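A.B. asks: To start, I am sharing the structure in question, which I have written as structure tokens.
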Amino acid sequence: MSQIKATLILFVMCCVPALSQNPGAARQEVIEQKFRAFDYDAVIELANQSLLHADDYVPEILFQIYEMKAVAHYSKMEMTQALNCFLAILKIDPEHDLDPVKHSPKIISFYDEIKLNFKHSQESEGKAEIQPPVKPDTVIVYRTD
């Protein structure tokens with residue numbers, strides 16, 4: 001009888017934590033490692049694969065994946081793709097804000113402008129198409145002397 005109890009306790013200790021873990025959390029951790037290493041191509045690739053299984057994620061992890069993917073696109077100057085990632089977040093939660101500790105002021109500004117346009121388009125029944133904000137960092141002046 002005590003051997004059955006010991007086996008049952010061992011089973012519960014080994015299997016229950018594995019069952020309670022979110023299946024998407026492990027994938028999100030790999031994406032985050034690539035993100036911290038500035039491997040933006042890998043972030044985008046892994047995020048695309050992971051988002052095929054978006055139902056596996058709780059909203060918080062889904063937001064993190066979309067945010068990392070958006071920042072990766074933004075860093076590669078792929079503004080339309082960054083816009084689409086941020087719009088995906090806003091479609092899930094129109095009040096979602098980016099963490100200013102995790103994101104640069106430029107990305108926060110980009111996101112806030114998208115969020116504002118998203119709210120305006122929602123108010124006008126979604127008829128207006130949202131375009132990515134254009135904010136050049138550098139101005140090149142050519143002189144013809």
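Note on naming: chains are A, B, ... as they come in the structure tokens, residues start from 1 per chain, ligands start from 1 in the order shown.
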Which neighbours of Ala70 in chain A fall inside 8 Å, counting only C-alpha atoms, when residues of the same chain fewer than 4 positions from it are skipped, and could you give them as a ChimeraX atom specification?
C.D. replies: /A:66,74,81-86
A.B. asks: Can you pull out every residue within 9 Å of Val30 in chain A, counting only C-alpha atoms, but drop anything in the same chain fewer than 4 positions away, and send it as a PyMOL selection string?
C.D. replies: chain A and resi 25-26+34-35+43+46
A.B. asks: Using only C-alpha atoms, which protein or nucleic acid residues come within 10 Å of Glu67 in chain A? Drop anything in the same chain fewer than 6 positions from it, and give the result as a compact mmCIF listing (two decimals) with C-alpha atoms, in the first residue's frame.
C.D. replies:
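As a result, around_39.txt now contains:
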# COMPACT_ATOMS: atom_id res chain seq x y z
CA ALA A 47 7.31 34.71 -33.95
CA ILE A 61 2.47 36.20 -23.76
CA HIS A 73 10.54 44.89 -37.82
CA ALA A 82 5.73 46.72 -37.43
CA CYS A 85 2.05 43.70 -35.38
CA PHE A 86 0.95 46.66 -33.29
CA ALA A 88 -2.81 42.90 -34.01
CA ILE A 89 -2.22 43.88 -30.38
CA LEU A 98 3.74 49.50 -24.13
CA HIS A 103 10.79 50.04 -25.13
CA TYR A 111 2.96 52.80 -31.19
